[in-house]
Structure formats: C-alpha cells, structure tokens
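Structure file work-v3.cif with mmCIF, C-alpha atoms; chains and numbers go by the auth columns:
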```
data_data
#
loop_
_atom_site.group_PDB
_atom_site.id
_atom_site.type_symbol
_atom_site.label_atom_id
_atom_site.label_comp_id
_atom_site.label_asym_id
_atom_site.label_seq_id
_atom_site.Cartn_x
_atom_site.Cartn_y
_atom_site.Cartn_z
_atom_site.B_iso_or_equiv
_atom_site.auth_seq_id
_atom_site.auth_asym_id
ATOM 1 C CA MET A 1 -86.825 -80.781 -188.997 0.00 43 R
ATOM 2 C CA LYS A 2 -85.865 -82.082 -185.564 0.00 44 R
ATOM 3 C CA THR A 3 -83.085 -80.139 -183.835 0.00 45 R
ATOM 4 C CA LEU A 4 -81.247 -81.171 -180.696 0.00 46 R
ATOM 5 C CA LEU A 5 -79.740 -78.253 -178.769 0.00 47 R
ATOM 6 C CA VAL A 6 -76.850 -79.360 -176.556 0.00 48 R
ATOM 7 C CA PHE A 7 -76.282 -77.131 -173.528 0.00 49 R
ATOM 8 C CA TRP A 8 -74.040 -78.353 -170.704 0.00 50 R
ATOM 9 C CA HIS A 9 -73.729 -75.080 -168.797 0.00 51 R
ATOM 10 C CA GLY A 10 -74.999 -74.143 -165.342 0.00 52 R
ATOM 11 C CA LEU A 11 -78.452 -73.299 -164.060 0.00 53 R
ATOM 12 C CA GLY A 12 -77.895 -69.545 -164.254 0.00 54 R
ATOM 13 C CA ASP A 13 -76.678 -69.897 -167.837 0.00 55 R
ATOM 14 C CA THR A 14 -79.822 -71.909 -168.585 0.00 56 R
ATOM 15 C CA ILE A 15 -81.960 -68.937 -167.539 0.00 57 R
ATOM 16 C CA LEU A 16 -79.760 -66.640 -169.629 0.00 58 R
ATOM 17 C CA ALA A 17 -80.360 -68.919 -172.631 0.00 59 R
ATOM 18 C CA THR A 18 -84.141 -68.351 -172.636 0.00 60 R
ATOM 19 C CA PRO A 19 -84.163 -65.218 -174.833 0.00 61 R
ATOM 20 C CA ALA A 20 -82.255 -67.035 -177.590 0.00 62 R
ATOM 21 C CA LEU A 21 -84.393 -70.132 -177.194 0.00 63 R
ATOM 22 C CA ARG A 22 -87.589 -68.085 -177.436 0.00 64 R
ATOM 23 C CA LYS A 23 -86.313 -66.360 -180.589 0.00 65 R
ATOM 24 C CA TYR A 24 -85.202 -69.687 -182.068 0.00 66 R
ATOM 25 C CA ARG A 25 -88.678 -71.130 -181.532 0.00 67 R
ATOM 26 C CA SER A 26 -90.293 -68.100 -183.183 0.00 68 R
ATOM 27 C CA THR A 27 -88.128 -68.345 -186.306 0.00 69 R
ATOM 28 C CA CYS A 28 -88.592 -72.021 -187.194 0.00 70 R
ATOM 29 C CA ASP A 29 -91.012 -74.927 -187.094 0.00 71 R
ATOM 30 C CA ASP A 30 -88.420 -77.345 -185.713 0.00 72 R
ATOM 31 C CA TYR A 31 -89.189 -79.974 -183.130 0.00 73 R
ATOM 32 C CA ILE A 32 -86.727 -78.878 -180.453 0.00 74 R
ATOM 33 C CA GLY A 33 -84.899 -81.139 -178.051 0.00 75 R
ATOM 34 C CA TRP A 34 -82.833 -79.713 -175.188 0.00 76 R
ATOM 35 C CA MET A 35 -79.990 -81.791 -173.787 0.00 77 R
ATOM 36 C CA MET A 36 -78.606 -80.699 -170.439 0.00 78 R
ATOM 37 C CA PRO A 37 -76.660 -82.292 -167.560 0.00 79 R
ATOM 38 C CA GLU A 38 -78.770 -84.735 -165.609 0.00 80 R
ATOM 39 C CA ILE A 39 -77.702 -83.125 -162.308 0.00 81 R
ATOM 40 C CA TYR A 40 -79.299 -79.837 -163.450 0.00 82 R
ATOM 41 C CA MET A 41 -82.281 -81.449 -165.119 0.00 83 R
ATOM 42 C CA LYS A 42 -83.343 -82.856 -161.733 0.00 84 R
ATOM 43 C CA THR A 43 -83.987 -79.321 -160.467 0.00 85 R
ATOM 44 C CA GLY A 44 -86.912 -78.975 -162.874 0.00 86 R
ATOM 45 C CA ILE A 45 -85.553 -75.693 -164.218 0.00 87 R
ATOM 46 C CA MET A 46 -86.699 -76.461 -167.784 0.00 88 R
ATOM 47 C CA ASP A 47 -89.782 -78.541 -167.017 0.00 89 R
ATOM 48 C CA HIS A 48 -92.223 -75.807 -168.013 0.00 90 R
ATOM 49 C CA CYS A 49 -90.263 -74.073 -170.753 0.00 91 R
ATOM 50 C CA PRO A 50 -92.711 -73.572 -173.656 0.00 92 R
ATOM 51 C CA TYR A 51 -89.968 -73.432 -176.287 0.00 93 R
ATOM 52 C CA VAL A 52 -88.742 -77.021 -175.901 0.00 94 R
ATOM 53 C CA ASP A 53 -90.562 -80.156 -177.038 0.00 95 R
ATOM 54 C CA GLU A 54 -88.409 -82.729 -175.278 0.00 96 R
ATOM 55 C CA LEU A 55 -85.721 -82.786 -172.590 0.00 97 R
ATOM 56 C CA HIS A 56 -82.734 -85.135 -172.608 0.00 98 R
ATOM 57 C CA ALA A 57 -80.219 -85.780 -169.835 0.00 99 R
ATOM 58 C CA GLY A 58 -76.474 -86.018 -170.362 0.00 100 R
ATOM 59 C CA SER A 59 -73.238 -85.800 -168.412 0.00 101 R
ATOM 60 C CA GLU A 60 -71.719 -82.677 -166.887 0.00 102 R
ATOM 61 C CA PRO A 61 -68.275 -82.249 -168.530 0.00 103 R
ATOM 62 C CA ARG A 62 -66.591 -80.782 -165.447 0.00 104 R
ATOM 63 C CA THR A 63 -67.569 -83.684 -163.217 0.00 105 R
ATOM 64 C CA CYS A 64 -67.778 -86.728 -165.483 0.00 106 R
ATOM 65 C CA CYS A 65 -63.976 -86.889 -165.785 0.00 107 R
ATOM 66 C CA ASP A 66 -60.861 -85.020 -164.658 0.00 108 R
ATOM 67 C CA ASP A 67 -60.284 -83.141 -167.919 0.00 109 R
ATOM 68 C CA TYR A 68 -62.892 -80.591 -169.102 0.00 110 R
ATOM 69 C CA ASP A 69 -62.160 -81.055 -172.804 0.00 111 R
ATOM 70 C CA ALA A 70 -62.412 -84.825 -172.406 0.00 112 R
ATOM 71 C CA GLY A 71 -65.705 -84.296 -170.590 0.00 113 R
ATOM 72 C CA ILE A 72 -67.013 -82.283 -173.516 0.00 114 R
ATOM 73 C CA ARG A 73 -66.098 -85.091 -175.878 0.00 115 R
ATOM 74 C CA ILE A 74 -68.105 -87.481 -173.710 0.00 116 R
ATOM 75 C CA VAL A 75 -71.133 -85.177 -173.861 0.00 117 R
ATOM 76 C CA LEU A 76 -70.851 -84.849 -177.644 0.00 118 R
ATOM 77 C CA LYS A 77 -70.808 -88.642 -178.006 0.00 119 R
ATOM 78 C CA GLU A 78 -73.914 -88.801 -175.808 0.00 120 R
ATOM 79 C CA ALA A 79 -75.565 -86.179 -178.021 0.00 121 R
ATOM 80 C CA GLU A 80 -74.892 -88.266 -181.114 0.00 122 R
ATOM 81 C CA ALA A 81 -76.468 -91.254 -179.384 0.00 123 R
ATOM 82 C CA VAL A 82 -79.556 -89.167 -178.496 0.00 124 R
ATOM 83 C CA LYS A 83 -79.698 -87.948 -182.106 0.00 125 R
ATOM 84 C CA ARG A 84 -79.769 -91.504 -183.433 0.00 126 R
ATOM 85 C CA GLU A 85 -82.156 -92.872 -180.832 0.00 127 R
ATOM 86 C CA HIS A 86 -84.706 -90.063 -181.101 0.00 128 R
ATOM 87 C CA GLY A 87 -84.404 -89.310 -184.802 0.00 129 R
ATOM 88 C CA TYR A 88 -83.008 -85.790 -184.674 0.00 130 R
ATOM 89 C CA ASP A 89 -81.893 -84.362 -188.003 0.00 131 R
ATOM 90 C CA ARG A 90 -79.150 -82.176 -186.581 0.00 132 R
ATOM 91 C CA VAL A 91 -77.297 -81.242 -183.428 0.00 133 R
ATOM 92 C CA VAL A 92 -76.545 -77.644 -182.433 0.00 134 R
ATOM 93 C CA VAL A 93 -73.910 -77.280 -179.704 0.00 135 R
ATOM 94 C CA ILE A 94 -73.786 -74.197 -177.480 0.00 136 R
ATOM 95 C CA ASP A 95 -70.260 -74.381 -176.078 0.00 137 R
ATOM 96 C CA HIS A 96 -69.774 -70.788 -174.803 0.00 138 R
ATOM 97 C CA ARG A 97 -66.019 -70.921 -175.438 0.00 139 R
ATOM 98 C CA SER A 98 -65.780 -68.873 -178.605 0.00 140 R
ATOM 99 C CA SER A 99 -66.653 -65.355 -177.496 0.00 141 R
ATOM 100 C CA GLY A 100 -66.337 -62.844 -174.671 0.00 142 R
ATOM 101 C CA LYS A 101 -69.819 -61.473 -175.311 0.00 143 R
ATOM 102 C CA HIS A 102 -72.605 -61.327 -172.776 0.00 144 R
ATOM 103 C CA LYS A 103 -73.916 -64.867 -172.329 0.00 145 R
ATOM 104 C CA ILE A 104 -77.391 -63.979 -173.598 0.00 146 R
ATOM 105 C CA LEU A 105 -75.925 -62.725 -176.870 0.00 147 R
ATOM 106 C CA ARG A 106 -73.328 -65.490 -177.016 0.00 148 R
ATOM 107 C CA THR A 107 -76.009 -68.154 -176.801 0.00 149 R
ATOM 108 C CA ALA A 108 -78.040 -66.400 -179.498 0.00 150 R
ATOM 109 C CA ASP A 109 -74.996 -66.348 -181.788 0.00 151 R
ATOM 110 C CA GLU A 110 -74.407 -70.053 -181.325 0.00 152 R
ATOM 111 C CA MET A 111 -78.069 -70.852 -181.951 0.00 153 R
ATOM 112 C CA GLY A 112 -77.937 -68.752 -185.108 0.00 154 R
ATOM 113 C CA VAL A 113 -80.478 -66.102 -184.083 0.00 155 R
ATOM 114 C CA THR A 114 -80.225 -62.347 -183.556 0.00 156 R
ATOM 115 C CA LEU A 115 -81.746 -60.469 -180.624 0.00 157 R
ATOM 116 C CA LYS A 116 -82.348 -56.913 -181.803 0.00 158 R
ATOM 117 C CA LEU A 117 -85.015 -55.430 -179.539 0.00 159 R
ATOM 118 C CA ARG A 118 -84.808 -54.767 -175.804 0.00 160 R
ATOM 119 C CA SER A 119 -87.971 -56.815 -175.359 0.00 161 R
ATOM 120 C CA GLU A 120 -86.168 -59.789 -176.900 0.00 162 R
ATOM 121 C CA LEU A 121 -83.515 -59.704 -174.170 0.00 163 R
ATOM 122 C CA LYS A 122 -85.855 -60.572 -171.303 0.00 164 R
ATOM 123 C CA THR A 123 -85.119 -63.848 -169.551 0.00 165 R
ATOM 124 C CA GLU A 124 -87.853 -66.235 -168.419 0.00 166 R
ATOM 125 C CA PHE A 125 -88.558 -68.821 -165.772 0.00 167 R
ATOM 126 C CA ARG A 126 -91.884 -70.659 -165.700 0.00 168 R
ATOM 127 C CA TYR A 127 -93.219 -73.116 -163.177 0.00 169 R
ATOM 128 C CA ASP A 128 -96.383 -74.677 -161.773 0.00 170 R
ATOM 129 C CA ALA A 129 -97.146 -72.981 -158.452 0.00 171 R
ATOM 130 C CA ALA A 130 -99.855 -75.512 -157.596 0.00 172 R
ATOM 131 C CA ALA A 131 -97.266 -78.298 -157.522 0.00 173 R
ATOM 132 C CA LEU A 132 -95.421 -76.526 -154.690 0.00 174 R
ATOM 133 C CA VAL A 133 -98.159 -76.901 -152.056 0.00 175 R
ATOM 134 C CA PRO A 134 -96.558 -79.989 -150.418 0.00 176 R
ATOM 135 C CA TYR A 135 -93.298 -78.094 -149.916 0.00 177 R
ATOM 136 C CA TYR A 136 -95.086 -75.223 -148.158 0.00 178 R
ATOM 137 C CA GLU A 137 -96.572 -77.746 -145.750 0.00 179 R
ATOM 138 C CA ARG A 138 -93.033 -78.302 -144.427 0.00 180 R
ATOM 139 C CA LEU A 139 -92.086 -74.615 -144.147 0.00 181 R
ATOM 140 C CA GLN A 140 -93.792 -71.970 -142.062 0.00 182 R
ATOM 141 C CA LEU A 141 -93.109 -68.558 -143.594 0.00 183 R
ATOM 142 C CA PRO A 142 -93.231 -65.339 -141.541 0.00 184 R
ATOM 143 C CA ASP A 143 -95.560 -62.618 -142.785 0.00 185 R
ATOM 144 C CA GLU A 144 -92.546 -60.537 -143.801 0.00 186 R
ATOM 145 C CA PHE A 145 -89.004 -61.772 -144.294 0.00 187 R
ATOM 146 C CA LEU A 146 -85.699 -61.342 -146.074 0.00 188 R
ATOM 147 C CA PHE A 147 -84.828 -64.045 -148.608 0.00 189 R
ATOM 148 C CA PHE A 148 -81.102 -64.782 -148.412 0.00 190 R
ATOM 149 C CA HIS A 149 -79.242 -67.067 -150.790 0.00 191 R
ATOM 150 C CA GLY A 150 -75.598 -66.942 -149.783 0.00 192 R
ATOM 151 C CA ARG A 151 -74.144 -70.231 -151.055 0.00 193 R
ATOM 152 C CA SER A 152 -74.165 -71.391 -154.659 0.00 194 R
ATOM 153 C CA GLY A 153 -72.247 -74.628 -154.143 0.00 195 R
ATOM 154 C CA VAL A 154 -68.970 -72.935 -155.093 0.00 196 R
ATOM 155 C CA PRO A 155 -67.408 -71.813 -151.761 0.00 197 R
ATOM 156 C CA LYS A 156 -65.220 -69.117 -153.328 0.00 198 R
ATOM 157 C CA LYS A 157 -68.408 -67.322 -154.477 0.00 199 R
ATOM 158 C CA ASP A 158 -70.152 -67.285 -151.072 0.00 200 R
ATOM 159 C CA PHE A 159 -71.889 -64.114 -149.866 0.00 201 R
ATOM 160 C CA PRO A 160 -69.923 -62.994 -146.748 0.00 202 R
ATOM 161 C CA LEU A 161 -72.226 -63.032 -143.741 0.00 203 R
ATOM 162 C CA ASP A 162 -70.618 -59.912 -142.257 0.00 204 R
ATOM 163 C CA LEU A 163 -71.422 -58.018 -145.475 0.00 205 R
ATOM 164 C CA ALA A 164 -75.008 -59.269 -145.374 0.00 206 R
ATOM 165 C CA LYS A 165 -75.360 -58.067 -141.770 0.00 207 R
ATOM 166 C CA ARG A 166 -73.893 -54.655 -142.619 0.00 208 R
ATOM 167 C CA LEU A 167 -76.305 -54.281 -145.519 0.00 209 R
ATOM 168 C CA MET A 168 -79.237 -55.215 -143.325 0.00 210 R
ATOM 169 C CA ARG A 169 -78.220 -52.517 -140.840 0.00 211 R
ATOM 170 C CA LYS A 170 -77.687 -49.982 -143.637 0.00 212 R
ATOM 171 C CA LYS A 171 -81.081 -50.726 -145.164 0.00 213 R
ATOM 172 C CA LYS A 172 -82.694 -50.858 -141.696 0.00 214 R
ATOM 173 C CA ILE A 173 -83.947 -54.380 -142.253 0.00 215 R
ATOM 174 C CA ASP A 174 -85.042 -56.055 -139.027 0.00 216 R
ATOM 175 C CA LEU A 175 -86.888 -59.111 -140.292 0.00 217 R
ATOM 176 C CA PRO A 176 -86.555 -62.889 -140.060 0.00 218 R
ATOM 177 C CA ILE A 177 -84.340 -64.505 -142.693 0.00 219 R
ATOM 178 C CA VAL A 178 -85.601 -67.345 -144.880 0.00 220 R
ATOM 179 C CA SER A 179 -82.890 -69.071 -146.849 0.00 221 R
ATOM 180 C CA PRO A 180 -82.440 -72.262 -148.890 0.00 222 R
ATOM 181 C CA ASP A 181 -78.990 -72.333 -147.274 0.00 223 R
ATOM 182 C CA PHE A 182 -80.498 -73.417 -143.961 0.00 224 R
ATOM 183 C CA SER A 183 -84.329 -73.361 -144.142 0.00 225 R
ATOM 184 C CA TRP A 184 -84.600 -76.439 -146.373 0.00 226 R
ATOM 185 C CA ASP A 185 -82.425 -78.766 -148.467 0.00 227 R
ATOM 186 C CA ILE A 186 -82.385 -77.069 -151.855 0.00 228 R
ATOM 187 C CA SER A 187 -80.822 -80.150 -153.473 0.00 229 R
ATOM 188 C CA GLN A 188 -83.973 -82.120 -152.614 0.00 230 R
ATOM 189 C CA THR A 189 -86.468 -79.403 -153.526 0.00 231 R
ATOM 190 C CA PRO A 190 -87.517 -78.052 -156.950 0.00 232 R
ATOM 191 C CA ILE A 191 -85.827 -74.796 -157.787 0.00 233 R
ATOM 192 C CA ALA A 192 -89.317 -73.423 -158.433 0.00 234 R
ATOM 193 C CA PHE A 193 -89.991 -73.583 -154.680 0.00 235 R
ATOM 194 C CA ALA A 194 -87.095 -71.217 -153.982 0.00 236 R
ATOM 195 C CA ALA A 195 -88.391 -68.969 -156.759 0.00 237 R
ATOM 196 C CA ASP A 196 -91.880 -68.891 -155.288 0.00 238 R
ATOM 197 C CA VAL A 197 -90.604 -68.229 -151.761 0.00 239 R
ATOM 198 C CA MET A 198 -88.455 -65.321 -152.896 0.00 240 R
ATOM 199 C CA LYS A 199 -91.451 -63.828 -154.738 0.00 241 R
ATOM 200 C CA ARG A 200 -93.145 -63.552 -151.333 0.00 242 R
ATOM 201 C CA ALA A 201 -90.150 -61.883 -149.661 0.00 243 R
ATOM 202 C CA LYS A 202 -89.983 -58.203 -148.783 0.00 244 R
ATOM 203 C CA TYR A 203 -86.203 -58.100 -149.393 0.00 245 R
ATOM 204 C CA ARG A 204 -83.872 -60.335 -151.416 0.00 246 R
ATOM 205 C CA PHE A 205 -80.101 -60.866 -151.098 0.00 247 R
ATOM 206 C CA PHE A 206 -78.303 -63.123 -153.580 0.00 248 R
ATOM 207 C CA VAL A 207 -74.907 -64.561 -154.205 0.00 249 R
ATOM 208 C CA ASP A 208 -73.788 -64.923 -157.857 0.00 250 R
ATOM 209 C CA SER A 209 -76.096 -67.853 -158.621 0.00 251 R
ATOM 210 C CA SER A 210 -79.020 -69.277 -160.549 0.00 252 R
ATOM 211 C CA LEU A 211 -81.501 -67.761 -158.094 0.00 253 R
ATOM 212 C CA TYR A 212 -80.111 -64.310 -158.853 0.00 254 R
ATOM 213 C CA HIS A 213 -80.939 -64.903 -162.527 0.00 255 R
ATOM 214 C CA ILE A 214 -84.341 -66.378 -161.706 0.00 256 R
ATOM 215 C CA ALA A 215 -85.169 -63.288 -159.637 0.00 257 R
ATOM 216 C CA HIS A 216 -84.523 -61.104 -162.677 0.00 258 R
ATOM 217 C CA ALA A 217 -86.447 -63.496 -164.912 0.00 259 R
ATOM 218 C CA LEU A 218 -89.428 -63.070 -162.552 0.00 260 R
ATOM 219 C CA ARG A 219 -88.982 -59.242 -162.570 0.00 261 R
ATOM 220 C CA LEU A 220 -88.231 -59.124 -158.845 0.00 262 R
ATOM 221 C CA ARG A 221 -86.209 -56.405 -157.158 0.00 263 R
ATOM 222 C CA VAL A 222 -82.752 -57.558 -156.056 0.00 264 R
ATOM 223 C CA ASP A 223 -81.799 -55.644 -152.898 0.00 265 R
ATOM 224 C CA ALA A 224 -78.231 -56.986 -152.827 0.00 266 R
ATOM 225 C CA ALA A 225 -76.217 -59.214 -155.145 0.00 267 R
ATOM 226 C CA PHE A 226 -72.637 -60.199 -154.356 0.00 268 R
ATOM 227 C CA PHE A 227 -70.217 -61.029 -157.178 0.00 269 R
ATOM 228 C CA LYS A 228 -66.886 -62.166 -155.812 0.00 270 R
ATOM 229 C CA ARG A 229 -65.780 -63.036 -159.346 0.00 271 R
ATOM 230 C CA GLY A 230 -65.698 -59.340 -160.156 0.00 272 R
ATOM 231 C CA VAL A 231 -67.054 -56.765 -162.579 0.00 273 R
ATOM 232 C CA ARG A 232 -65.916 -58.652 -165.684 0.00 274 R
ATOM 233 C CA ILE A 233 -68.116 -61.635 -164.804 0.00 275 R
ATOM 234 C CA TRP A 234 -71.061 -59.499 -163.730 0.00 276 R
ATOM 235 C CA ARG A 235 -70.979 -57.622 -167.035 0.00 277 R
ATOM 236 C CA ILE A 236 -71.408 -60.814 -169.079 0.00 278 R
ATOM 237 C CA VAL A 237 -74.260 -62.211 -166.965 0.00 279 R
ATOM 238 C CA LYS A 238 -76.165 -59.145 -165.725 0.00 280 R
ATOM 239 C CA PRO A 239 -79.756 -58.590 -166.862 0.00 281 R
ATOM 240 C CA LEU A 240 -80.065 -56.862 -170.224 0.00 282 R
ATOM 241 C CA HIS A 241 -83.694 -55.926 -169.640 0.00 283 R
ATOM 242 C CA LYS A 242 -84.682 -53.187 -167.214 0.00 284 R
ATOM 243 C CA ALA A 243 -84.051 -54.395 -163.684 0.00 285 R
ATOM 244 C CA GLU A 244 -83.855 -52.966 -160.168 0.00 286 R
ATOM 245 C CA GLU A 245 -80.805 -54.162 -158.269 0.00 287 R
ATOM 246 C CA GLU A 246 -77.865 -53.207 -156.064 0.00 288 R
ATOM 247 C CA VAL A 247 -74.691 -55.130 -156.932 0.00 289 R
ATOM 248 C CA PHE A 248 -71.488 -55.527 -154.906 0.00 290 R
ATOM 249 C CA VAL A 249 -68.451 -56.799 -156.807 0.00 291 R
ATOM 250 C CA LEU A 250 -64.818 -57.427 -155.875 0.00 292 R
#
```
In structure tokens, write the structure found in this file.
Amino acid sequence: MKTLLVFWHGLGDTILATPALRKYRSTCDDYIGWMMPEIYMKTGIMDHCPYVDELHAGSEPRTCCDDYDAGIRIVLKEAEAVKREHGYDRVVVIDHRSSGKHKILRTADEMGVTLKLRSELKTEFRYDAAALVPYYERLQLPDEFLFFHGRSGVPKKDFPLDLAKRLMRKKKIDLPIVSPDFSWDISQTPIAFAADVMKRAKYRFFVDSSLYHIAHALRLRVDAAFFKRGVRIWRIVKPLHKAEEEVFVL
C-alpha cells in the first residue's frame, strides 16, 4: 500500500505532527509520501525524517489565492495529481479544521492512530550536523550567548524587545545575543542551522514559532517563550512530553 499524507500546515505544526507520523509508520508497512507546501519544504525541515519515504511539494492554501477554502481545493487537486503520477493507492488529508484538540492529538486522529503513552507524545527533529559546516564558516559564535528568535514572519506575534530586555535583567543575563532575526538570513539558511546554533546557546528566548517547537523536539530548555496569541493557542501547541520552559502569554 502506498499512502500519500497531505499536510499544508506551518513549520511548527510539522514538528507537532512527528509523534503521529512515527506511530503511523510503526503500525503499517505502507510506503509513505508526505506532501507539504513548497515554501516550507525548502527549509529542509523534513529532509531527515525517518518515517517518510518520499517528499512532495505543493501549494500553500493561504498564499496561492485570496480565499483559504479555494486554496485548499487547489492543494487537493495537486494531491490527486501526485497520487496518479507516483502511483499512490490512497490520499490521507490532515486538515486540522475539525477539532479543538491539541495539534499533536488532532493530527493523530486524522491519520487514524492513537497516542496512548507519554513516550509516544515526544516530538522529533532530525538533521545532518556535518552539512552545516559551511554555514558556520560565515558566522563567528561567542563562547557563551543568548539565542533570541523574536520574529516568526507574522508581525502580530513578534516578541517585544522591551520584554526581552526586562527578562534578561531579571535573569541576570549579560551575554551577547545571536539571532536569526539579524545574525543571518534565515530564509536562505536551512532551519537545521538555527537548531544547531540554539543547541550551543546558554539561554534561549523564543517567539511563538517553529524554532520554539524544534527546541522542545531537541529537549532543550526554553528560558522564555512569548505567545501573543494567548493561553488558548499555547494550550493546543505546547509540548506534551516533559519540558523545561517559562512561557509568557497575553
């Protein structure tokens, strides 16, 4: 059986999908294709996922046309074309619109798997550290630093700089700041590079973003996370495995 999983959601949601994807792989012998927006695929976020046999690029429904529902219809037509071209037997769509559950559990429901154990709720992010050497040649890291990711690409979610400064004073952090916001062009760099840099950091501050989810997937301490979208959003995307973090929500 060849199954095409269609997932048009953001990079953070992609990380949150890994527990369901891991469980899906363990419960069947399917050849698994993963179709995601081309703009996200370019980040390399799924390049080393061991639970997927083949990646396919599609449109992003929010940006391929003015109407979201019309955008979804475009993506579904693309999925049918991929199904025919690559010989998939079925298409499974994860649309995230049918439930108010946590996104990890919502994705599992839509894939048709059940996550029962706490160990099954752990997210993952895998990458090839050796491939990042050329990027380090362009960036000189201090011995100790704070990793700050304050902009996700959605201005209304930005981490307020005055809050970041207050938190640094409160936590008595007097270190250089390294940030994809201004240290390098994150749109031209694999997301794995940001992940590897933040692994080396002594402190980590995050806006509501994919890097926040990657930090938890890598079992890193999150010293500050800012969720302007509020408690309701944080509750459906927060880590469900044991994690060390301080969260600020509006």
Draw an axis-aligned box over all listed atoms of region 80-98 of chain R, pad each side with 5 Å, and write its centre and edge lengths in Å, one decimal, as AutoDock Vina command-line options.
```
--center_x -85.2 --center_y -79.3 --center_z -168.8 --size_x 25.0 --size_y 21.7 --size_z 26.6
```
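Evaluated on this file, the PyMOL selection byres ((chain R and resi 251) around 10) matches Gly52, Leu53, Gly54, Asp55, His191, Gly192, Arg193, Ser194, Gly195, Val196, Lys199, Asp200, Phe248, Val249, Asp250, Ser252, Leu253, Tyr254, His255, Ile256, Ala267, Phe268 and Phe269 of chain R.
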Open item on the list: I'd like the interatomic distance between CA of His138 (chain R) and CA of Phe235 (chain R), to a tenth of an Å.
Closed with: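 According to the coordinates, CA of His138 (chain R) and CA of Phe235 (chain R) are separated by 28.7 Å.
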Task: Hits from the PyMOL selection byres ((chain R and resi 137) around 9), listed as a PyMOL selection string - done: chain R and resi 48-51+114+135-136+138-140+149+152
Specify as a PDB file with C-alpha atoms, keeping the file's coordinate frame each residue included when the PyMOL selection byres ((chain R and resi 103-108) around 12) is applied to this file.
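As a result, expr-v6.pdb now contains:
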```
ATOM      1  CA  PHE R  49     -76.282 -77.131-173.528  1.00  0.00           C
ATOM      2  CA  TRP R  50     -74.040 -78.353-170.704  1.00  0.00           C
ATOM      3  CA  HIS R  51     -73.729 -75.080-168.797  1.00  0.00           C
ATOM      4  CA  GLY R  52     -74.999 -74.143-165.342  1.00  0.00           C
ATOM      5  CA  MET R  78     -78.606 -80.699-170.439  1.00  0.00           C
ATOM      6  CA  PRO R  79     -76.660 -82.292-167.560  1.00  0.00           C
ATOM      7  CA  GLU R  80     -78.770 -84.735-165.609  1.00  0.00           C
ATOM      8  CA  ILE R  81     -77.702 -83.125-162.308  1.00  0.00           C
ATOM      9  CA  GLY R 100     -76.474 -86.018-170.362  1.00  0.00           C
ATOM     10  CA  SER R 101     -73.238 -85.800-168.412  1.00  0.00           C
ATOM     11  CA  GLU R 102     -71.719 -82.677-166.887  1.00  0.00           C
ATOM     12  CA  ASP R 109     -60.284 -83.141-167.919  1.00  0.00           C
ATOM     13  CA  TYR R 110     -62.892 -80.591-169.102  1.00  0.00           C
ATOM     14  CA  ASP R 111     -62.160 -81.055-172.804  1.00  0.00           C
ATOM     15  CA  ALA R 112     -62.412 -84.825-172.406  1.00  0.00           C
ATOM     16  CA  GLY R 113     -65.705 -84.296-170.590  1.00  0.00           C
ATOM     17  CA  ILE R 114     -67.013 -82.283-173.516  1.00  0.00           C
ATOM     18  CA  ARG R 115     -66.098 -85.091-175.878  1.00  0.00           C
ATOM     19  CA  ILE R 116     -68.105 -87.481-173.710  1.00  0.00           C
ATOM     20  CA  VAL R 117     -71.133 -85.177-173.861  1.00  0.00           C
ATOM     21  CA  LEU R 118     -70.851 -84.849-177.644  1.00  0.00           C
ATOM     22  CA  LYS R 119     -70.808 -88.642-178.006  1.00  0.00           C
ATOM     23  CA  GLU R 120     -73.914 -88.801-175.808  1.00  0.00           C
ATOM     24  CA  ASP R 137     -70.260 -74.381-176.078  1.00  0.00           C
TER      25      ASP R 137
END
```
Open item on the list: Using Å and a single decimal, report how far CA of Ile146 (chain R) sits from CA of Glu288 (chain R).
Closed with: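 So the two atoms, CA of Glu288 (chain R) and CA of Ile146 (chain R), lie 20.6 Å apart.
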- [ ] Please measure the separation of CA of Thr165 (chain R) and CA of Leu58 (chain R), giving the value in Å to one decimal.
- [x]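 Calculated distance between CA of Thr165 (chain R) and CA of Leu58 (chain R) is 6.0 Å.
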- [ ] Check the smallest atom-to-atom distance from each of R:Leu217, R:Asp95, R:Pro222, R:Phe201 to Val289 (chain R) using all atoms listed in the file, then report the winner.
- [x]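 Among the listed residues, R:Phe201 lies closest to Val289 (chain R).
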- [ ] Compile the contact shell of Glu287 (chain R) as a list in words: residues with an atom at most 9 Å away, counting all atoms listed in the file, same-chain residues fewer than 6 positions apart removed.
- [x] Leu262, Arg263, Val264, Asp265, Ala266 and Ala267 of chain R
- [ ] Identify, on the basis of only C-alpha atoms, every residue whose closest approach to Arg168 (chain R) does not exceed 10 Å; exclude the query and any residue fewer than 5 positions from it along the same chain; express the result as a ChimeraX atom specification.
- [x] /R:87-92,234,237,256,259-260
Within 8 Å of Val220 (chain R), counting all atoms listed in the file, which residues qualify if same-chain residues fewer than 5 places away don't, as an mmCIF file with C-alpha atoms, keeping the file's coordinate frame?
```
data_model
loop_
_atom_site.group_PDB
_atom_site.id
_atom_site.type_symbol
_atom_site.label_atom_id
_atom_site.label_comp_id
_atom_site.auth_asym_id
_atom_site.auth_seq_id
_atom_site.Cartn_x
_atom_site.Cartn_y
_atom_site.Cartn_z
ATOM 1 C CA LEU R 183 -93.109 -68.558 -143.594
ATOM 2 C CA PHE R 187 -89.004 -61.772 -144.294
ATOM 3 C CA LEU R 188 -85.699 -61.342 -146.074
ATOM 4 C CA PHE R 189 -84.828 -64.045 -148.608
ATOM 5 C CA PHE R 190 -81.102 -64.782 -148.412
ATOM 6 C CA SER R 225 -84.329 -73.361 -144.142
#
```
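Candidate residues R:Tyr93, R:Phe247, R:Phe224, R:Tyr169 were compared for distance to Leu47 (chain R), and the nearest is R:Tyr93, using only C-alpha atoms.
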